[in-house]
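Asker: Dropping the structure in here first, questions after.
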Amino acid sequence: MTIKQSKLFGLHSVQAALDYSPKKIHKAWIDSHRQDKRLTQALNDLLDLGITPEKVDRNALDKLAASHNHQGIVIEVEMPSELSEHQLKTAVEQLTTTALFLVLDNVQDPHNLGACLRTADATGVHGVIITKDNAAGITPTVCKVASGAAETVPVYQVTNLSRTLRWLKEQGIWVMGAAGEATQTAYQTDFNLPLALVIGAEGKGMRRLTREQCDMLLKLPMQGQVESLNLSVATGVLLYEILRQRLTS
């Protein structure tokens with residue numbers, strides 16, 4: 001796995017790194033003029049790891065965090081890169097439980113990717129499959145939103161999504177795509193089978209070739225006036241329905 005170094009900022013992101021990947025933290029900077037309980041706790045945790053944060057002023061932290069809200073702390077960490085298509089195939093072949101993959105077709109908003117990773121971790125997804133082009137990858141923003149899930153959920157980056165979906169079907173995995181025009185709802189669908197759930201891009205949905213690889217299209221029922229839910233919200237609802245069915249079957 002290729003390792004890349006990035007800076008994370010903000011108390012929430014730093015705490016997630018301390019909780020899930022403390023050995024990957026290499027350096028830290030802390031506001032020399034700020035003192036509060038959460039910042040002091042993070043400082044103590046870093047000192048326990050043998051890392052002495054450099055005390056700097058707010059302007060220096062602003063530059064390190066590229067003017068984002070850092071809450072008085074920035075750390076430098078190793079972040080795993082996306083995994084390969086070959087590693088995806090190995091993971092599928094080694095599965096001992098019913099497959100559940102989340103497929104994001106050209107999803108570009110890092111906040112959506114981070115939120116999807118967080119829900120994927122919570123619902124037992126075996127891996128998230130993303131496209132190489134025109135899509136968000138693992139970034140500091142993704143890690144911040146994911147709150148540790150970027151470290152726990154494998155992210156597989158593929159060049160040709162249509163080909164990957166075709167291969168998954170050859171392995172006995174059903175490909176189900178979320179689409180607003182589908183006639184069948186998630187609550188009418190049996191998810192107790194090996195599954196890859198496909199979610200299309202923000203505002204665009206699935207691409208034609210992706211849609212053509214789906215064994216089935218499904219939707220969430222909408223009772224109000226809005227046409228659709230936020231991508232990550234819809235993903236969360238669908239993944240929890242899948243989990244509910246599997247826990248109660």
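Letters for chains follow the order of the structure tokens (A, B, ...), residue numbers begin at 1 for each chain, and ligand numbers begin at 1 in the order shown.
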Determine which residues of range 42-153 of chain A receive a DSSP assignment of strand (DSSP E), computed from the backbone, and state them as a count of residues only.

Answerer: 21

Asker: Considering only C-alpha atoms, return as JSON, numbers by chain whatever protein or nucleic-acid residues lie within 10 Å of range 235-246 of chain A, sequence-local ones (same chain, fewer than 5 positions apart) excluded.

Answerer: {"A": [98, 100, 101, 102, 104, 112, 115, 116, 117, 118, 119, 120, 122, 123, 124, 125, 178, 186, 187, 189, 190, 191, 192, 193, 195, 197, 198, 199, 218, 219, 220, 229, 230]}

Asker: Which polymer residues have any atom within 12 Å of an atom of Ser84 in chain A, counting only C-alpha atoms, with same-chain residues fewer than 4 positions away left out, as a PDB file with N, CA and C atoms, in the first residue's frame?

Answerer:
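Result file out.pdb:
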ATOM      1  N   MET A   1       0.840  -1.189   0.000  1.00  0.00           N
ATOM      2  CA  MET A   1       0.000   0.000   0.000  1.00  0.00           C
ATOM      3  C   MET A   1       0.878   1.243   0.000  1.00  0.00           C
ATOM      4  N   THR A   2       0.590   2.185  -0.869  1.00  0.00           N
ATOM      5  CA  THR A   2       1.322   3.429  -0.917  1.00  0.00           C
ATOM      6  C   THR A   2       0.898   4.313   0.249  1.00  0.00           C
ATOM      7  N   PRO A  80      -3.436   6.043   4.339  1.00  0.00           N
ATOM      8  CA  PRO A  80      -3.357   5.022   3.291  1.00  0.00           C
ATOM      9  C   PRO A  80      -3.967   5.519   1.998  1.00  0.00           C
ATOM     10  N   LEU A  88      -9.068  -5.522  -4.636  1.00  0.00           N
ATOM     11  CA  LEU A  88     -10.506  -5.754  -4.509  1.00  0.00           C
ATOM     12  C   LEU A  88     -10.833  -7.210  -4.842  1.00  0.00           C
ATOM     13  N   LYS A  89     -10.286  -7.707  -5.928  1.00  0.00           N
ATOM     14  CA  LYS A  89     -10.563  -9.084  -6.332  1.00  0.00           C
ATOM     15  C   LYS A  89     -10.094 -10.069  -5.269  1.00  0.00           C
ATOM     16  N   THR A  90      -8.937  -9.798  -4.691  1.00  0.00           N
ATOM     17  CA  THR A  90      -8.431 -10.666  -3.624  1.00  0.00           C
ATOM     18  C   THR A  90      -9.367 -10.639  -2.423  1.00  0.00           C
ATOM     19  N   ALA A  91      -9.838  -9.450  -2.069  1.00  0.00           N
ATOM     20  CA  ALA A  91     -10.740  -9.320  -0.917  1.00  0.00           C
ATOM     21  C   ALA A  91     -12.053 -10.059  -1.151  1.00  0.00           C
ATOM     22  N   GLY A 127     -16.254  -2.953   1.821  1.00  0.00           N
ATOM     23  CA  GLY A 127     -15.383  -2.039   1.106  1.00  0.00           C
ATOM     24  C   GLY A 127     -16.193  -1.061   0.283  1.00  0.00           C
ATOM     25  N   VAL A 128     -15.600   0.088   0.025  1.00  0.00           N
ATOM     26  CA  VAL A 128     -16.221   1.106  -0.821  1.00  0.00           C
ATOM     27  C   VAL A 128     -15.438   1.181  -2.124  1.00  0.00           C
ATOM     28  N   ILE A 129     -16.146   1.108  -3.236  1.00  0.00           N
ATOM     29  CA  ILE A 129     -15.522   1.131  -4.560  1.00  0.00           C
ATOM     30  C   ILE A 129     -15.787   2.492  -5.181  1.00  0.00           C
ATOM     31  N   ILE A 130     -14.715   3.164  -5.594  1.00  0.00           N
ATOM     32  CA  ILE A 130     -14.845   4.477  -6.220  1.00  0.00           C
ATOM     33  C   ILE A 130     -14.174   4.462  -7.584  1.00  0.00           C
ATOM     34  N   THR A 131     -14.493   5.452  -8.393  1.00  0.00           N
ATOM     35  CA  THR A 131     -13.890   5.560  -9.721  1.00  0.00           C
ATOM     36  C   THR A 131     -12.603   6.385  -9.641  1.00  0.00           C
ATOM     37  N   LYS A 132     -11.687   6.087 -10.538  1.00  0.00           N
ATOM     38  CA  LYS A 132     -10.394   6.778 -10.534  1.00  0.00           C
ATOM     39  C   LYS A 132     -10.522   8.205 -11.042  1.00  0.00           C
ATOM     40  N   PRO A 154     -11.921  -0.312   3.771  1.00  0.00           N
ATOM     41  CA  PRO A 154     -11.099  -0.305   2.558  1.00  0.00           C
ATOM     42  C   PRO A 154     -11.776   0.485   1.442  1.00  0.00           C
ATOM     43  N   VAL A 155     -11.008   1.311   0.760  1.00  0.00           N
ATOM     44  CA  VAL A 155     -11.511   2.079  -0.380  1.00  0.00           C
ATOM     45  C   VAL A 155     -10.774   1.609  -1.623  1.00  0.00           C
ATOM     46  N   TYR A 156     -11.520   1.036  -2.564  1.00  0.00           N
ATOM     47  CA  TYR A 156     -10.927   0.480  -3.786  1.00  0.00           C
ATOM     48  C   TYR A 156     -11.191   1.429  -4.945  1.00  0.00           C
ATOM     49  N   GLN A 157     -10.152   1.803  -5.634  1.00  0.00           N
ATOM     50  CA  GLN A 157     -10.262   2.720  -6.762  1.00  0.00           C
ATOM     51  C   GLN A 157     -10.095   1.938  -8.063  1.00  0.00           C
ATOM     52  N   VAL A 158     -11.088   2.033  -8.953  1.00  0.00           N
ATOM     53  CA  VAL A 158     -11.056   1.247 -10.185  1.00  0.00           C
ATOM     54  C   VAL A 158     -11.103   2.172 -11.402  1.00  0.00           C
ATOM     55  N   THR A 159     -10.487   1.727 -12.478  1.00  0.00           N
ATOM     56  CA  THR A 159     -10.420   2.518 -13.704  1.00  0.00           C
ATOM     57  C   THR A 159     -11.695   2.398 -14.528  1.00  0.00           C
ATOM     58  N   ASN A 160     -12.215   1.192 -14.627  1.00  0.00           N
ATOM     59  CA  ASN A 160     -13.398   0.928 -15.449  1.00  0.00           C
ATOM     60  C   ASN A 160     -14.478   0.326 -14.555  1.00  0.00           C
ATOM     61  N   THR A 164     -15.697  -3.622 -13.623  1.00  0.00           N
ATOM     62  CA  THR A 164     -15.626  -4.116 -12.250  1.00  0.00           C
ATOM     63  C   THR A 164     -16.969  -4.683 -11.802  1.00  0.00           C
TER      64      THR A 164
END

Asker: Considering only C-alpha atoms, return as a list in words whatever protein or nucleic-acid residues lie within 8 Å of Val77 in chain A, sequence-local ones (same chain, fewer than 6 positions apart) excluded.

Answerer: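 That gives Gln5, Ser6, Lys7, Leu8, Lys24, Ile25, His26 and Lys27 of chain A.
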
Asker: Please save C-alpha atoms of the selected residues as a PDB file, in the first residue's frame.

Answerer:
ATOM      1  CA  GLN A   5       1.476  12.193   4.342  1.00  0.00           C
ATOM      2  CA  SER A   6      -1.216  14.781   4.947  1.00  0.00           C
ATOM      3  CA  LYS A   7      -2.161  17.322   7.550  1.00  0.00           C
ATOM      4  CA  LEU A   8      -5.331  16.933   9.593  1.00  0.00           C
ATOM      5  CA  LYS A  24       0.641   7.144  12.027  1.00  0.00           C
ATOM      6  CA  ILE A  25       0.907  10.568  13.653  1.00  0.00           C
ATOM      7  CA  HIS A  26       4.363  12.044  13.032  1.00  0.00           C
ATOM      8  CA  LYS A  27       4.183  15.697  14.000  1.00  0.00           C
TER       9      LYS A  27
END

Asker: Please report the interatomic distance between CA of Gly180 in chain A and CA of Ala99 in chain A in Å with one decimal.

Answerer: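 Calculated distance between CA of Gly180 in chain A and CA of Ala99 in chain A is 24.5 Å.
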
Asker: Which parts of range 20-167 of chain A does DSSP call alpha helix (DSSP H) when run on the backbone here, written out as a CSV table (one decimal) with N, CA and C atoms, in the first residue's frame?

Answerer:
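See out.csv below for the written result:
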chain,number,residue,atom,x,y,z
A,20,TYR,N,-7.8,5.9,16.3
A,20,TYR,CA,-7.8,4.8,15.3
A,20,TYR,C,-6.4,4.6,14.7
A,37,LYS,N,-10.1,22.4,27.8
A,37,LYS,CA,-10.1,21.1,28.2
A,37,LYS,C,-9.8,20.1,27.1
A,38,ARG,N,-10.5,20.3,25.9
A,38,ARG,CA,-10.3,19.3,24.8
A,38,ARG,C,-8.9,19.4,24.2
A,39,LEU,N,-8.5,20.7,24.1
A,39,LEU,CA,-7.1,20.9,23.5
A,39,LEU,C,-6.1,20.3,24.4
A,40,THR,N,-6.2,20.5,25.7
A,40,THR,CA,-5.3,20.0,26.7
A,40,THR,C,-5.3,18.5,26.7
A,41,GLN,N,-6.4,17.8,26.5
A,41,GLN,CA,-6.5,16.4,26.4
A,41,GLN,C,-5.8,15.9,25.2
A,42,ALA,N,-6.0,16.5,24.1
A,42,ALA,CA,-5.3,16.1,22.8
A,42,ALA,C,-3.8,16.3,23.0
A,43,LEU,N,-3.4,17.4,23.7
A,43,LEU,CA,-1.9,17.6,23.9
A,43,LEU,C,-1.4,16.5,24.8
A,44,ASN,N,-2.1,16.1,25.8
A,44,ASN,CA,-1.6,15.0,26.7
A,44,ASN,C,-1.5,13.7,26.0
A,45,ASP,N,-2.5,13.4,25.1
A,45,ASP,CA,-2.5,12.2,24.4
A,45,ASP,C,-1.3,12.1,23.4
A,46,LEU,N,-1.0,13.3,22.8
A,46,LEU,CA,0.2,13.3,21.9
A,46,LEU,C,1.5,13.1,22.7
A,47,LEU,N,1.6,13.7,23.8
A,47,LEU,CA,2.8,13.6,24.7
A,47,LEU,C,2.9,12.1,25.1
A,48,ASP,N,1.8,11.4,25.4
A,48,ASP,CA,1.9,10.0,25.8
A,48,ASP,C,2.4,9.2,24.6
A,58,ARG,N,-1.6,31.6,16.0
A,58,ARG,CA,-2.7,31.3,15.2
A,58,ARG,C,-2.4,31.4,13.7
A,59,ASN,N,-1.7,32.4,13.3
A,59,ASN,CA,-1.4,32.7,11.9
A,59,ASN,C,-0.6,31.5,11.3
A,60,ALA,N,0.3,30.9,12.0
A,60,ALA,CA,1.0,29.7,11.6
A,60,ALA,C,0.1,28.6,11.4
A,61,LEU,N,-0.8,28.4,12.3
A,61,LEU,CA,-1.8,27.3,12.2
A,61,LEU,C,-2.7,27.5,11.0
A,62,ASP,N,-3.1,28.8,10.8
A,62,ASP,CA,-4.0,29.1,9.6
A,62,ASP,C,-3.3,28.6,8.3
A,63,LYS,N,-2.0,28.9,8.2
A,63,LYS,CA,-1.3,28.5,7.0
A,63,LYS,C,-1.2,27.0,6.9
A,64,LEU,N,-0.9,26.3,8.0
A,64,LEU,CA,-0.8,24.8,8.0
A,64,LEU,C,-2.1,24.2,7.6
A,85,GLU,N,-7.7,-2.4,-7.9
A,85,GLU,CA,-8.7,-3.4,-8.4
A,85,GLU,C,-8.3,-4.8,-8.1
A,86,HIS,N,-7.0,-5.0,-8.2
A,86,HIS,CA,-6.4,-6.4,-7.9
A,86,HIS,C,-6.7,-6.7,-6.4
A,87,GLN,N,-6.5,-5.7,-5.6
A,87,GLN,CA,-6.7,-6.0,-4.1
A,87,GLN,C,-8.2,-6.2,-3.9
A,88,LEU,N,-9.1,-5.5,-4.6
A,88,LEU,CA,-10.5,-5.8,-4.5
A,88,LEU,C,-10.8,-7.2,-4.8
A,89,LYS,N,-10.3,-7.7,-5.9
A,89,LYS,CA,-10.6,-9.1,-6.3
A,89,LYS,C,-10.1,-10.1,-5.3
A,90,THR,N,-8.9,-9.8,-4.7
A,90,THR,CA,-8.4,-10.7,-3.6
A,90,THR,C,-9.4,-10.6,-2.4
A,91,ALA,N,-9.8,-9.4,-2.1
A,91,ALA,CA,-10.7,-9.3,-0.9
A,91,ALA,C,-12.1,-10.1,-1.2
A,92,VAL,N,-12.6,-10.0,-2.4
A,92,VAL,CA,-13.8,-10.6,-2.7
A,92,VAL,C,-13.7,-12.2,-2.6
A,93,GLU,N,-12.6,-12.6,-3.1
A,93,GLU,CA,-12.3,-14.1,-3.1
A,93,GLU,C,-12.1,-14.6,-1.7
A,110,PRO,N,-16.0,15.5,-1.4
A,110,PRO,CA,-15.3,14.8,-0.3
A,110,PRO,C,-16.1,14.7,1.0
A,111,HIS,N,-17.0,15.6,1.2
A,111,HIS,CA,-17.9,15.5,2.4
A,111,HIS,C,-18.8,14.3,2.2
A,112,ASN,N,-19.4,14.1,1.0
A,112,ASN,CA,-20.2,12.9,0.8
A,112,ASN,C,-19.4,11.6,0.9
A,113,LEU,N,-18.2,11.6,0.4
A,113,LEU,CA,-17.4,10.4,0.5
A,113,LEU,C,-17.1,10.1,2.0
A,114,GLY,N,-16.7,11.1,2.7
A,114,GLY,CA,-16.4,10.9,4.1
A,114,GLY,C,-17.6,10.4,4.9
A,115,ALA,N,-18.8,11.0,4.6
A,115,ALA,CA,-20.0,10.6,5.3
A,115,ALA,C,-20.4,9.2,5.0
A,116,CYS,N,-20.2,8.8,3.7
A,116,CYS,CA,-20.5,7.4,3.3
A,116,CYS,C,-19.6,6.4,3.9
A,117,LEU,N,-18.3,6.8,4.1
A,117,LEU,CA,-17.3,5.9,4.7
A,117,LEU,C,-17.7,5.7,6.2
A,118,ARG,N,-18.2,6.7,6.8
A,118,ARG,CA,-18.6,6.6,8.2
A,118,ARG,C,-19.8,5.7,8.4
A,119,THR,N,-20.8,5.8,7.5
A,119,THR,CA,-21.9,4.9,7.6
A,119,THR,C,-21.5,3.5,7.2
A,120,ALA,N,-20.6,3.4,6.2
A,120,ALA,CA,-20.2,2.1,5.7
A,120,ALA,C,-19.5,1.3,6.9
A,121,ASP,N,-18.7,2.0,7.7
A,121,ASP,CA,-18.1,1.4,8.8
A,121,ASP,C,-19.2,0.9,9.8
A,122,ALA,N,-20.2,1.8,10.1
A,122,ALA,CA,-21.2,1.4,11.1
A,122,ALA,C,-22.1,0.3,10.6
A,140,PRO,N,-7.6,14.8,3.3
A,140,PRO,CA,-7.8,15.3,4.7
A,140,PRO,C,-9.2,15.6,5.0
A,141,THR,N,-9.9,16.2,4.1
A,141,THR,CA,-11.3,16.5,4.3
A,141,THR,C,-12.2,15.3,4.4
A,142,VAL,N,-11.9,14.3,3.6
A,142,VAL,CA,-12.6,13.0,3.7
A,142,VAL,C,-12.4,12.4,5.1
A,143,CYS,N,-11.1,12.4,5.5
A,143,CYS,CA,-10.7,11.8,6.8
A,143,CYS,C,-11.4,12.5,7.9
A,144,LYS,N,-11.5,13.8,7.8
A,144,LYS,CA,-12.1,14.6,8.9
A,144,LYS,C,-13.6,14.3,9.0
A,145,VAL,N,-14.3,14.2,7.9
A,145,VAL,CA,-15.7,13.9,7.9
A,145,VAL,C,-16.0,12.4,8.3
A,146,ALA,N,-15.1,11.5,7.9
A,146,ALA,CA,-15.2,10.1,8.2
A,146,ALA,C,-15.0,9.7,9.6
A,149,ALA,N,-13.3,6.4,10.0
A,149,ALA,CA,-13.7,5.3,9.1
A,149,ALA,C,-12.8,5.2,7.9
A,150,ALA,N,-12.1,6.3,7.5
A,150,ALA,CA,-11.1,6.2,6.4
A,150,ALA,C,-10.0,5.2,6.7
A,151,GLU,N,-9.8,4.9,8.0
A,151,GLU,CA,-8.8,4.0,8.4
A,151,GLU,C,-9.3,2.6,8.5
A,152,THR,N,-10.6,2.4,8.7
A,152,THR,CA,-11.2,1.1,9.0
A,152,THR,C,-11.9,0.5,7.8
A,161,LEU,N,-15.4,1.2,-14.1
A,161,LEU,CA,-16.4,0.7,-13.1
A,161,LEU,C,-17.3,-0.3,-13.8
A,162,SER,N,-17.7,-0.2,-15.0
A,162,SER,CA,-18.6,-1.1,-15.7
A,162,SER,C,-18.0,-2.5,-15.7
A,163,ARG,N,-16.7,-2.6,-16.0
A,163,ARG,CA,-16.0,-3.8,-16.0
A,163,ARG,C,-15.9,-4.4,-14.6
A,164,THR,N,-15.7,-3.6,-13.6
A,164,THR,CA,-15.6,-4.1,-12.2
A,164,THR,C,-17.0,-4.7,-11.8
A,165,LEU,N,-18.1,-4.0,-12.1
A,165,LEU,CA,-19.4,-4.5,-11.8
A,165,LEU,C,-19.7,-5.8,-12.5
A,166,ARG,N,-19.3,-5.9,-13.7
A,166,ARG,CA,-19.5,-7.2,-14.5
A,166,ARG,C,-18.7,-8.3,-13.8
A,167,TRP,N,-17.5,-8.0,-13.3
A,167,TRP,CA,-16.7,-9.0,-12.6
A,167,TRP,C,-17.4,-9.4,-11.3

Asker: Between A:Glu82, A:Glu170, A:Asp57, A:Glu181, single out the one closest to Ala136 in chain A, counting only C-alpha atoms.

Answerer: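 Closest to Ala136 in chain A of all the choices is A:Glu82.
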
Asker: Might you pull out every residue within 9 Å of Asn134 in chain A, with only C-alpha atoms counted and same-chain residues fewer than 4 positions away left off, and present them as an MDAnalysis selection string?

Answerer: chainID A and resid 106:108

Asker: Which polymer residues have any atom within 9 Å of an atom of Asp215 in chain A, counting only C-alpha atoms, with same-chain residues fewer than 2 positions away left out, as a ChimeraX atom specification?

Answerer: /A:169,174-177,211-213,217

Asker: In Å, rounded to a single decimal, give me how far CA of Lys4 in chain A is from CA of Ala16 in chain A.

Answerer: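 Between CA of Ala16 in chain A and CA of Lys4 in chain A the gap works out to 17.8 Å.
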
Asker: Could you tell me which of A:Thr248, A:Gln94, A:Thr183, A:Gln171 comes closest to Met216 in chain A if we count only C-alpha atoms?

Answerer: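 The answer is A:Thr183, which sits nearest to Met216 in chain A.
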
Asker: If you measure from CA of Ser21 in chain A to CA of Val153 in chain A, what distance in Å do you get, rounded to one decimal?

Answerer: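 Interatomic distance, CA of Ser21 in chain A to CA of Val153 in chain A: 13.0 Å.
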